[in-house]
Each structure stands twice: as structure tokens, then as C-alpha cells.
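Trainee: Structure provided below as C-alpha cells; questions to follow.
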There are 2 protein chains.
Amino acid sequence: MTGTSKRASTRNRAVVGAENVGAQSCKVALVGFGTVGSSVARILCERSNTHLRLTHVLNRNVARKKVDWLPPSVQWTENIDDVLSSDVDIVVEVMGGLQPTEDWIRRALQSGKSVVTANKQLIAHCGLELVSLARQMKQKIVFGASVAGGVPVISGLHEGLAGDELFKIRGILNGTCNYILSQIETNGIPFATALREAQKLGFAEADPTEDIEGLDARAKLAILTRVGLHCNVKPESIVARSIASIDAVDFEYANQLGCTIRQISWAELKTPELKTPESKTTASNSESNPKSKADLLFAAVQPALVELSSPLARVEGSQNLVVATGTYGGETVFGGHGAGGNPTAVAVVSDILAIARSKQAGMSYAGQPVEKTPTVTADFTAKHYLRFLVKDRPGIIASLATILSQCSINIDSVLQKPDCPKSHLPFLITLEECKASLVEQALQQINKLDFLVQPCLHLPIL
Amino acid sequence: MTGTSKRASTRNRAVVGAENVGAQSCKVALVGFGTVGSSVARILCERSNTHLRLTHVLNRNVARKKVDWLPPSVQWTENIDDVLSSDVDIVVEVMGGLQPTEDWIRRALQSGKSVVTANKQLIAHCGLELVSLARQMKQKIVFGASVAGGVPVISGLHEGLAGDELFKIRGILNGTCNYILSQIETNGIPFATALREAQKLGFAEADPTEDIEGLDARAKLAILTRVGLHCNVKPESIVARSIASIDAVDFEYANQLGCTIRQISWAELKTPELKTPESKTTASNSESNPKSKADLLFAAVQPALVELSSPLARVEGSQNLVVATGTYGGETVFGGHGAGGNPTAVAVVSDILAIARSKQAGMSYAGQPVEKTPTVTADFTAKHYLRFLVKDRPGIIASLATILSQCSINIDSVLQKPDCPKSHLPFLITLEECKASLVEQALQQINKLDFLVQPCLHLPIL
């Protein structure tokens, strides 16, 4: 945690501002108060100007869990009936597991509450039934946090790319595998060593089977396949292969082939109509019979070689990345933090806000901070790149250094390409971090110097 | 255009299926029938199972524009009043320009129609007023296509990351500049040459000022700043610097520093409360006065050095990429095709579907193809990587090659690291493209061979 905890302690305001709680407020119950649950509570607590109000926190042994930074109005409970019998609008399930979670979610929907869940196994296994139950009850179940944590890929596929016809989804969906493979690659260590180290650092669980064998990723792939490719796929029907057989030598060979190795989740839909013009008859059959078996879904979670130039090759540590390919829009990439309390909580809170917005037309701007009208400046503090083109002669660096030092700017490095003509000599000075305005001030003097063939080019270094 | 045109000609079905047009259908008018407009029409035409119905196409000299692949029910017109006086639900503006576009959009909203627009200059300049007018008229104006074409970054910031508190947005928002800079970098040519070539290839306009000088990107940055950072910023208040002064030598120097050069759009919000605990008093002042001048927005569009390891450095050709940074979720990346008829049309159609969904609760699944229940297989066709660990002896390659050839599999390459122990010799065979099932069949025989120290590792090469 970075500034979060500090800000919480200095800004212990009522949950989403008691000042905002009115007819429009939307009541939220949190089921599960572990890493993700407490991050969700913290965001709800710290963010003002939303109409969300946290009313219940449910956890086993809830007494142990109580924190002092939530408002006293929050009811702490171990009993789901306290939540279900209340007037809560949205039940947020961040408890995990298949049971009693599924029962509780069903009962929440049946009690006329909408549900936000981060539970990938549950959604992969019975998401369709739950969505259908929700629709029947005129409620919503939203599960943006169930895949890729803070990366908004579910809403991206469902809404942002709704206008496309997606046919391929590839992704790195398991941070543990990606971390372990990165470690084997970088340090040339065996798989077993990399796994042990990941366990020590908390990047892998004591029983790492779900991650290593690809079972975690295939649940996520099943969800993405449903949302993006509109295919009902049971996770068990997707082949999952372990990364345990990958050795350091494989990265050496992969590199010789211009590749690296990653655990890749891949789903690709082949509809007969897409194949050839001749298959047109089949295509119209398949249209009149949408459940035609002619649709074929290639899907697997497995270690694979990916070209170093692919965005999938560049995913570092525990990051997640999804590449969606559509008939019209080509490839679209979504990347970010795939796990962790805060990123996952962002996805959960975004889902809560989406439901709140849909519940109340008047709340279309719920969750938006008050609009700001800030002072705008381009005066970034950054390292700077100054490239000169000069007519060479002695004393050039000295003149430049003097002006820079008078402006309190420190030189970081001086670089000069070999074999350049003396009459048009390009050379480089990089500056330590300073304000852009200081650099411009110095350049007003520098650009008057008579050895310059053209004005100095200055760029920030980000 | 890839498969699109072919599919259009083989599947010339009525716009979004006359079979679907019922009480629930949502009528769409297209204002502008250029590259983006005709792509939008094509997608509406080819995609079935939506409840969208294209009813009007407006363009100057409309007779010249008529195509035979739209259903005869579509009304072609040059007169905006035909659209405004009709019972159209959504007016899609893909005409561009500030006038008469602004007037037409205002009149559409005032006539009780929602609006989808791809017009970045218009939204950057008067988006707030138009959003406010739409709200007043209980309509919507949506502009996902106005920034980064097919990359769903507006919906990503507004919905997917709604739960976060974003404070920084960096992006490559202009494909023309990115293409020109990539060409200078790759081919070591001067800026002027790269620009001329981009113009010849249609990647830059005859008058490239808007792109080169950063005016196009800053309009987009102003929109992202409003959507993501909730800051009202006029595009003119954002400093824009030209890329025209970048020379090939700058890429050489940048490379020595581990960087490349890109046109970067950057906006970063500094709120006083984030600075130090001491500024708490200021912070609460700023809370009670949300328009406090203490908010400072750093914003500029300019060429800048970016580290080669940054996702911004890896954006190729005319791709776009946006990195959003939030207090809770860290960095999230959105990337894809920033321009072009089809990708931009995907964004437009996604926006149409979003409005359609919000208009009719019963349409929450509008735009979704019928759910498929495909046959699932992992039998991808791919190149394959076979890594062996063997006890070396003569004839190993011969035995393996024989089995592979019996299975009709072609060897692509054989690689062997130097200096490995004869008793544990790792070596590699790569295979030409073939089905995974063929490889597995061959491996059943191969894994019985007595020179193997462990079973062969096989991975697909993506």
C-alpha cells in the first residue's frame, strides 16, 4: 500500500459522505473482509461524491476483523440473513469459494438485491444460471473483477467492443505463472527453485496447483469466452497444461527463435461461414440453428512460445494482459494489474457504480468526483534532453555549462557521436530533473550563442 | 479491408435483420457517409441479432454516395430536417467539422434524439455544453470514437476504471505522428522525407498541421482529461509542440540513453491534498470549494524521450495507446487501432448499442449475437517447439526424423546449445505448422525411445 493508508487516516470521512446520503443513496453490503474486501471498504470510505453507502460487513469471526476506520453506522455480522433481510441494494461477494457462496448469491438475487462478485470459479461454473436468475428477478449480477483484477477487460469486451464481432481472445491471465516464468528466464533457475521463491514472496500459494496447472486461468478464459465470443464453455472442457516442465534451457532456445515463453490462455472461434464462400449453405444453416455444432472453438491454457515483439511477450511479473481480435477493429489490448487487493477492489467498485447508475437514471454521474477546473501548466519537472547542432570550436561546453549553472540546472551527461562534420556537429547534453520553465529560460540565452547552427532541440525524458 | 467486403457481398442481409424489427427496435440515422460512415453502415448491415435499424443516411451530394448493399428502406437525404422530423432514436454524426455539425447535434438533442459522435474537435470545444443539453432533454450524447478510434478508452476510463481515482493519463493519440517518428527511427531519414512519404501513403494529410503540431492530439487529451480526471480543460490551454524538429540523429542519441522518441500526450493532476500531510488545511478548503485554484493540471502534447521498456515506446505505426494511472489500481493500458474506418466504426456502433441498452431495459442484451455452444478443441494448428533431453549417441536425429515424417510432420530447424554434457544433452527441433494432435501422435512413439532422459517437452509457437 502506498499513500492509501496514510490518506485514510488523515481523511477518515464518513463512508462516501453522509452529506450525500439521501433519497438517491445506494446501500452496499460487503460479504467477505479479506484483502479485496477491506480494499473495497477503503475505497468506498475515501472516495467522496458517490452515492454509495456501506451498510454491512459480513465475515466469519467478524469480531477479529473490525477496523476503526469505517463509520460506526456499519453493521458487522456473521449472519447472511442480516444482509438479506435488510434494505441493502447491492451485495458484494468477495469471499470466494463455491459454497455457501452460490447459495448466498442466489438468495440475494431472490431477495431483490443486485450482486457484484469477484469469484471466477463460481462465475465460470454457474455464471449463466446466475445471470438468468438475476434477469428473472430484474436484478443484475456483475463480475468485472473475476478476470484480470483491475484490468477492465470484461467491461471492455462487453461494452467498449460491443460493436465488433470478436473471434479471438489471447491473454496472460495468471500472475503467478507469469512471475515464475519471468524468474526462470531472468535468473536461469530451475522451475522448482522459482516456484519456491515465489511461494516465499507470497506470489504463489502453498498449494500452487490451481495456478501452475492452468486451472485458475482456464476459469477466467471460460468467462472471457462467454463475454467476448458469446460461447458457453465449461472450464473443464478447456485443455490446461502445466508450466512445470519448462526449464531455463527452454528460454535460451526460445530466445534463439526470437521468442519467450509465457502461459497463454487462448480461445478462437471458427464459424463455418467465415471459412470459405463455398460454405455459405452451411452458414445459413448455422444461422437458422444457432446451436449448430459446426461452430468450433479452439481453446487451451498452456505454456507457449510468443514472439518477443508481441505485447504478450512483454508482460512482466504479475501483470495481466488480454488481446481481443475482432472482424472490424483488429487487435485491442487491455493490460494492468491482474491481482492484488487495491486493483481488484477498483474493479469491484466500478461494478458497484455501474449497477448504481443503471438503478437510478438520475445517478448517471454517481461516483464522479466534482468536476474540477484546474490551472493548466506544461511546466513538468523532468530530466531533459538538449540536442545541439554546432560549428565546432573550443569552449562550447564551457559556455553552455556556465549558462545552465547560472539557471541552477545540473548537467547529467554529455554525448557526442563519432565522425561528424565539424561544421555541423550534433551533440547532446542531458539535464538532471528540473522544471521545463527553467530549461526554457536557459535556452533563451543559449539560442543567442553564435556557434549554434540551429536552435537547440529540447525534449523532456519521461 | 480484409474479410469484411467479401462477407458483405455474400451476406447481404437486411440491416440488422428485418426479422428483429419490432416494438424494441432502435432507429438510427447516419449523418455523414465517408470512410467511417460507410463502415458503420456495413457493420449495422452485417451484424445480426441487434435491434438496431438504419433508417436514414445523410450526406452532401447524396446521389453520388448511394450504395446497393443497404436495404431499400433506408432514406437517403441531404436535408437534416428529414432526420430531425423523423422518429429516429439515435443520430450518428460522423461528418466532422464544427459547423453546421454543432447546430445539427443541438437540434437533434432538442428533438428528443440521442447522439453518437466521433467528432473530437467538437467534443473538446463544446462537449460539456452538449452533455448538459442532452441531460436537460433526457437524452444522451456519447463520443467513444472521438479519441483513439477503436480503442475503448473513453468507456474504459468512464466505466471500467470508475472505481479508481485516476490522476495521470499518458498516451500516443496521433497515428500520423507516430508513423512519421517510427519511419525516421527505422530508416534514418529526415523529418521532411518521412512526412512526404506518409502523405504519399495516405497516413498524413496534404495539410498536416493539425497532426504534426499536436493540435489533433491535444483535442483528444482535453477529452480524456475531462472523462478520466474530471477536469474541464480547453484544448487551447494545453501546450502543443511540433515534432518537426526531430531528426534521425535524435533517435541515435535517444537509443544510447535506452529510449526512443514519441509524441506524448500527458495530463497529470496534482491536488493539494495529495502533496503532504501538512497541506491538510488547504485540502479541506479545496474540498469545500471544489473549484479551488489549488488544483494544478500538468498537461502538454509534445515529442518526448520514453524508455524502451515503456509500453509507450512499443507503439508501432499508426497504433494508439493510453496508460491511465490511478491511486488504487496503478497503471492500466488500452491499446489498438487509433484510426481507420472499421476500428472507428466499431467504437461508434458500441456507443449506439450503449444508448440502445440504456433506452430500453429489456434490451440489455441488444447487440449480442445468439449464444453459441461450440465444440471445444485444443487442436490448434501451429508451429511447434520440441525440446529433448537425451543421452547422446549417433542416430538420434535420424530416429526422430523418421517418426515425424511417418506422421507427415515437417521439421523446420534443429538447434543444439554448445558445451552440454553428453549424458544430459538438451536439443531442439522446431516443426512447421501442423495440428497439435499430429504432434501428440508422434510423441507417443518418440517418448518410448530409449535415448530420452525425460519425455519430450512440446510447446506451440504462437
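All residue names refer to the C-alpha cells as shown: chains lettered A, B, ... in order, residues numbered from 1 in each chain, ligands numbered from 1 in order.
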Just asking: which residues within stretch 109-243 of chain A are helix (DSSP H, G or I) according to DSSP, as number ranges by chain?
Mentor: A: 109-110, 120-136, 144-146, 153-160, 175-187, 191-200, 209-212, 215-229, 235-237
Trainee: Could the residues in this selection be saved with C-alpha atoms as a PDB file, in the first residue's frame?
Mentor:
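As a result, part.pdb now contains:
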ATOM      1  CA  LEU A 109     -30.889 -12.111  -6.099  1.00  0.00           C
ATOM      2  CA  GLN A 110     -34.131 -13.715  -4.964  1.00  0.00           C
ATOM      3  CA  LYS A 120     -14.076 -16.507 -11.066  1.00  0.00           C
ATOM      4  CA  GLN A 121     -14.691 -20.172 -10.271  1.00  0.00           C
ATOM      5  CA  LEU A 122     -18.309 -19.517  -9.369  1.00  0.00           C
ATOM      6  CA  ILE A 123     -18.952 -17.407 -12.486  1.00  0.00           C
ATOM      7  CA  ALA A 124     -17.117 -19.870 -14.725  1.00  0.00           C
ATOM      8  CA  HIS A 125     -19.202 -22.727 -13.340  1.00  0.00           C
ATOM      9  CA  CYS A 126     -22.658 -21.265 -12.960  1.00  0.00           C
ATOM     10  CA  GLY A 127     -22.479 -17.712 -14.270  1.00  0.00           C
ATOM     11  CA  LEU A 128     -25.126 -18.335 -16.919  1.00  0.00           C
ATOM     12  CA  GLU A 129     -27.664 -19.624 -14.411  1.00  0.00           C
ATOM     13  CA  LEU A 130     -26.952 -16.728 -12.067  1.00  0.00           C
ATOM     14  CA  VAL A 131     -27.287 -14.157 -14.869  1.00  0.00           C
ATOM     15  CA  SER A 132     -30.551 -15.770 -15.863  1.00  0.00           C
ATOM     16  CA  LEU A 133     -31.826 -15.753 -12.277  1.00  0.00           C
ATOM     17  CA  ALA A 134     -30.822 -12.099 -11.958  1.00  0.00           C
ATOM     18  CA  ARG A 135     -32.703 -11.198 -15.116  1.00  0.00           C
ATOM     19  CA  GLN A 136     -35.770 -13.055 -13.877  1.00  0.00           C
ATOM     20  CA  GLY A 144     -15.787  -7.448 -13.740  1.00  0.00           C
ATOM     21  CA  ALA A 145     -13.291  -8.331 -11.011  1.00  0.00           C
ATOM     22  CA  SER A 146     -13.462 -12.065 -11.713  1.00  0.00           C
ATOM     23  CA  VAL A 153     -11.402  -6.285 -19.774  1.00  0.00           C
ATOM     24  CA  ILE A 154     -14.908  -7.612 -19.048  1.00  0.00           C
ATOM     25  CA  SER A 155     -16.494  -4.193 -19.497  1.00  0.00           C
ATOM     26  CA  GLY A 156     -14.130  -3.593 -22.410  1.00  0.00           C
ATOM     27  CA  LEU A 157     -15.347  -6.693 -24.246  1.00  0.00           C
ATOM     28  CA  HIS A 158     -18.970  -6.304 -23.223  1.00  0.00           C
ATOM     29  CA  GLU A 159     -19.331  -2.573 -23.851  1.00  0.00           C
ATOM     30  CA  GLY A 160     -16.283  -0.925 -25.390  1.00  0.00           C
ATOM     31  CA  GLY A 175       0.214 -13.570 -12.486  1.00  0.00           C
ATOM     32  CA  THR A 176       1.756 -16.439 -10.526  1.00  0.00           C
ATOM     33  CA  CYS A 177       2.736 -18.340 -13.674  1.00  0.00           C
ATOM     34  CA  ASN A 178       3.951 -15.203 -15.339  1.00  0.00           C
ATOM     35  CA  TYR A 179       6.081 -14.338 -12.332  1.00  0.00           C
ATOM     36  CA  ILE A 180       7.586 -17.827 -12.151  1.00  0.00           C
ATOM     37  CA  LEU A 181       8.324 -17.956 -15.886  1.00  0.00           C
ATOM     38  CA  SER A 182       9.883 -14.464 -15.740  1.00  0.00           C
ATOM     39  CA  GLN A 183      12.122 -15.622 -12.887  1.00  0.00           C
ATOM     40  CA  ILE A 184      13.277 -18.745 -14.760  1.00  0.00           C
ATOM     41  CA  GLU A 185      14.001 -16.545 -17.764  1.00  0.00           C
ATOM     42  CA  THR A 186      15.828 -13.778 -15.924  1.00  0.00           C
ATOM     43  CA  ASN A 187      17.814 -15.827 -13.430  1.00  0.00           C
ATOM     44  CA  PHE A 191      11.247 -24.331 -12.190  1.00  0.00           C
ATOM     45  CA  ALA A 192      11.248 -25.823  -8.674  1.00  0.00           C
ATOM     46  CA  THR A 193      13.511 -23.069  -7.357  1.00  0.00           C
ATOM     47  CA  ALA A 194      11.453 -20.348  -8.996  1.00  0.00           C
ATOM     48  CA  LEU A 195       8.279 -21.791  -7.500  1.00  0.00           C
ATOM     49  CA  ARG A 196       9.797 -21.976  -4.009  1.00  0.00           C
ATOM     50  CA  GLU A 197      10.909 -18.354  -4.243  1.00  0.00           C
ATOM     51  CA  ALA A 198       7.502 -17.248  -5.478  1.00  0.00           C
ATOM     52  CA  GLN A 199       5.939 -19.036  -2.521  1.00  0.00           C
ATOM     53  CA  LYS A 200       8.333 -17.349  -0.099  1.00  0.00           C
ATOM     54  CA  THR A 209      -1.803 -26.470  -8.316  1.00  0.00           C
ATOM     55  CA  GLU A 210      -4.599 -24.154  -9.470  1.00  0.00           C
ATOM     56  CA  ASP A 211      -2.102 -21.668 -10.877  1.00  0.00           C
ATOM     57  CA  ILE A 212       0.676 -23.922 -12.191  1.00  0.00           C
ATOM     58  CA  LEU A 215      -6.941 -24.277 -13.730  1.00  0.00           C
ATOM     59  CA  ASP A 216      -7.175 -20.692 -12.489  1.00  0.00           C
ATOM     60  CA  ALA A 217      -6.518 -19.269 -15.956  1.00  0.00           C
ATOM     61  CA  ARG A 218      -8.983 -21.556 -17.684  1.00  0.00           C
ATOM     62  CA  ALA A 219     -11.833 -20.456 -15.413  1.00  0.00           C
ATOM     63  CA  LYS A 220     -11.002 -16.893 -16.453  1.00  0.00           C
ATOM     64  CA  LEU A 221     -10.723 -17.888 -20.105  1.00  0.00           C
ATOM     65  CA  ALA A 222     -14.152 -19.534 -19.918  1.00  0.00           C
ATOM     66  CA  ILE A 223     -15.595 -16.248 -18.631  1.00  0.00           C
ATOM     67  CA  LEU A 224     -13.873 -14.152 -21.318  1.00  0.00           C
ATOM     68  CA  THR A 225     -15.057 -16.608 -23.966  1.00  0.00           C
ATOM     69  CA  ARG A 226     -18.615 -16.159 -22.809  1.00  0.00           C
ATOM     70  CA  VAL A 227     -18.455 -12.360 -22.593  1.00  0.00           C
ATOM     71  CA  GLY A 228     -16.358 -11.734 -25.703  1.00  0.00           C
ATOM     72  CA  LEU A 229     -17.114 -14.637 -28.036  1.00  0.00           C
ATOM     73  CA  PRO A 235     -13.971 -24.614 -17.855  1.00  0.00           C
ATOM     74  CA  GLU A 236     -13.422 -28.382 -17.729  1.00  0.00           C
ATOM     75  CA  SER A 237     -13.750 -28.575 -21.496  1.00  0.00           C
TER      76      SER A 237
END
Trainee: Which neighbours of stretch 401-416 of chain A fall inside 9 Å, counting only C-alpha atoms, when residues of the same chain fewer than 4 positions from it are skipped, and could you give them as number ranges by chain?
Mentor: A: 383, 396-397, 420, 425-434, 438-439, 441-443, 445-446; B: 253, 256
Trainee: Store the residues picked out above in a file with N, CA, C and O atoms, as a short mmCIF file (atom, residue, chain, number, x, y, z; two decimals), in the first residue's frame.
Mentor:
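Final output, selection_10.cif:
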data_model
loop_
_atom_site.label_atom_id
_atom_site.label_comp_id
_atom_site.auth_asym_id
_atom_site.auth_seq_id
_atom_site.Cartn_x
_atom_site.Cartn_y
_atom_site.Cartn_z
N LYS A 383 13.73 15.06 -16.32
CA LYS A 383 15.04 15.14 -16.95
C LYS A 383 14.86 15.73 -18.34
O LYS A 383 13.79 15.58 -18.94
N ILE A 396 32.87 25.44 -26.32
CA ILE A 396 31.40 25.34 -26.46
C ILE A 396 30.75 24.81 -25.18
O ILE A 396 29.82 25.40 -24.63
N ILE A 397 31.29 23.68 -24.71
CA ILE A 397 30.71 23.09 -23.49
C ILE A 397 30.80 24.09 -22.33
O ILE A 397 29.86 24.24 -21.55
N CYS A 420 31.47 13.07 -37.02
CA CYS A 420 30.53 14.03 -37.56
C CYS A 420 31.30 15.23 -38.11
O CYS A 420 32.38 15.56 -37.61
N LEU A 425 28.08 19.76 -36.24
CA LEU A 425 28.34 18.74 -35.22
C LEU A 425 27.14 18.61 -34.29
O LEU A 425 26.81 19.55 -33.56
N PRO A 426 26.44 17.45 -34.33
CA PRO A 426 25.34 17.28 -33.38
C PRO A 426 25.87 16.70 -32.07
O PRO A 426 26.63 15.73 -32.09
N PHE A 427 25.55 17.31 -30.97
CA PHE A 427 25.90 16.65 -29.71
C PHE A 427 24.81 16.90 -28.67
O PHE A 427 23.91 17.71 -28.87
N LEU A 428 24.94 16.17 -27.58
CA LEU A 428 23.82 16.03 -26.66
C LEU A 428 24.24 16.40 -25.24
O LEU A 428 25.31 16.00 -24.79
N ILE A 429 23.39 17.14 -24.57
CA ILE A 429 23.54 17.31 -23.11
C ILE A 429 22.24 16.85 -22.46
O ILE A 429 21.15 17.26 -22.88
N THR A 430 22.33 15.96 -21.50
CA THR A 430 21.12 15.63 -20.73
C THR A 430 21.21 16.32 -19.37
O THR A 430 22.30 16.47 -18.81
N LEU A 431 20.05 16.75 -18.90
CA LEU A 431 19.99 17.50 -17.64
C LEU A 431 19.35 16.67 -16.55
O LEU A 431 18.46 15.86 -16.82
N GLU A 432 19.78 16.89 -15.33
CA GLU A 432 19.08 16.27 -14.20
C GLU A 432 17.68 16.86 -14.09
O GLU A 432 17.39 17.89 -14.71
N GLU A 433 16.83 16.23 -13.30
CA GLU A 433 15.44 16.70 -13.19
C GLU A 433 15.36 18.18 -12.86
O GLU A 433 15.99 18.65 -11.91
N CYS A 434 14.60 18.89 -13.64
CA CYS A 434 14.31 20.28 -13.31
C CYS A 434 13.04 20.69 -14.03
O CYS A 434 12.54 19.96 -14.88
N LEU A 438 12.56 26.38 -16.34
CA LEU A 438 13.97 26.71 -16.11
C LEU A 438 14.77 26.47 -17.38
O LEU A 438 15.63 27.27 -17.77
N VAL A 439 14.49 25.33 -18.03
CA VAL A 439 15.22 24.98 -19.24
C VAL A 439 14.94 26.02 -20.32
O VAL A 439 15.86 26.50 -21.01
N GLN A 441 14.15 29.08 -19.93
CA GLN A 441 14.85 30.30 -19.54
C GLN A 441 16.32 30.23 -19.98
O GLN A 441 16.84 31.16 -20.61
N ALA A 442 16.96 29.10 -19.70
CA ALA A 442 18.36 28.92 -20.10
C ALA A 442 18.49 28.96 -21.62
O ALA A 442 19.43 29.56 -22.16
N LEU A 443 17.51 28.36 -22.31
CA LEU A 443 17.61 28.28 -23.78
C LEU A 443 17.47 29.65 -24.44
O LEU A 443 18.02 29.89 -25.51
N GLN A 445 18.92 32.27 -23.52
CA GLN A 445 20.30 32.76 -23.62
C GLN A 445 21.12 31.89 -24.58
O GLN A 445 21.86 32.39 -25.42
N ILE A 446 20.95 30.59 -24.44
CA ILE A 446 21.77 29.66 -25.23
C ILE A 446 21.54 29.86 -26.72
O ILE A 446 22.47 29.87 -27.52
N TYR B 253 20.83 9.24 -30.46
CA TYR B 253 21.15 9.63 -29.09
C TYR B 253 20.14 9.04 -28.10
O TYR B 253 20.51 8.55 -27.04
N GLN B 256 21.00 5.57 -27.31
CA GLN B 256 22.13 5.47 -26.37
C GLN B 256 21.65 5.66 -24.94
O GLN B 256 22.28 5.17 -24.00
#
Trainee: So how many Å separate atom CA of A:Trp69 and atom CA of A:Ser39, to one decimal?
Mentor: 11.9 Å
Trainee: Could you jot down the atom CA of A:Glu252 to atom CA of B:His424 separation for me, Å, one decimal place?
Mentor: 15.9 Å
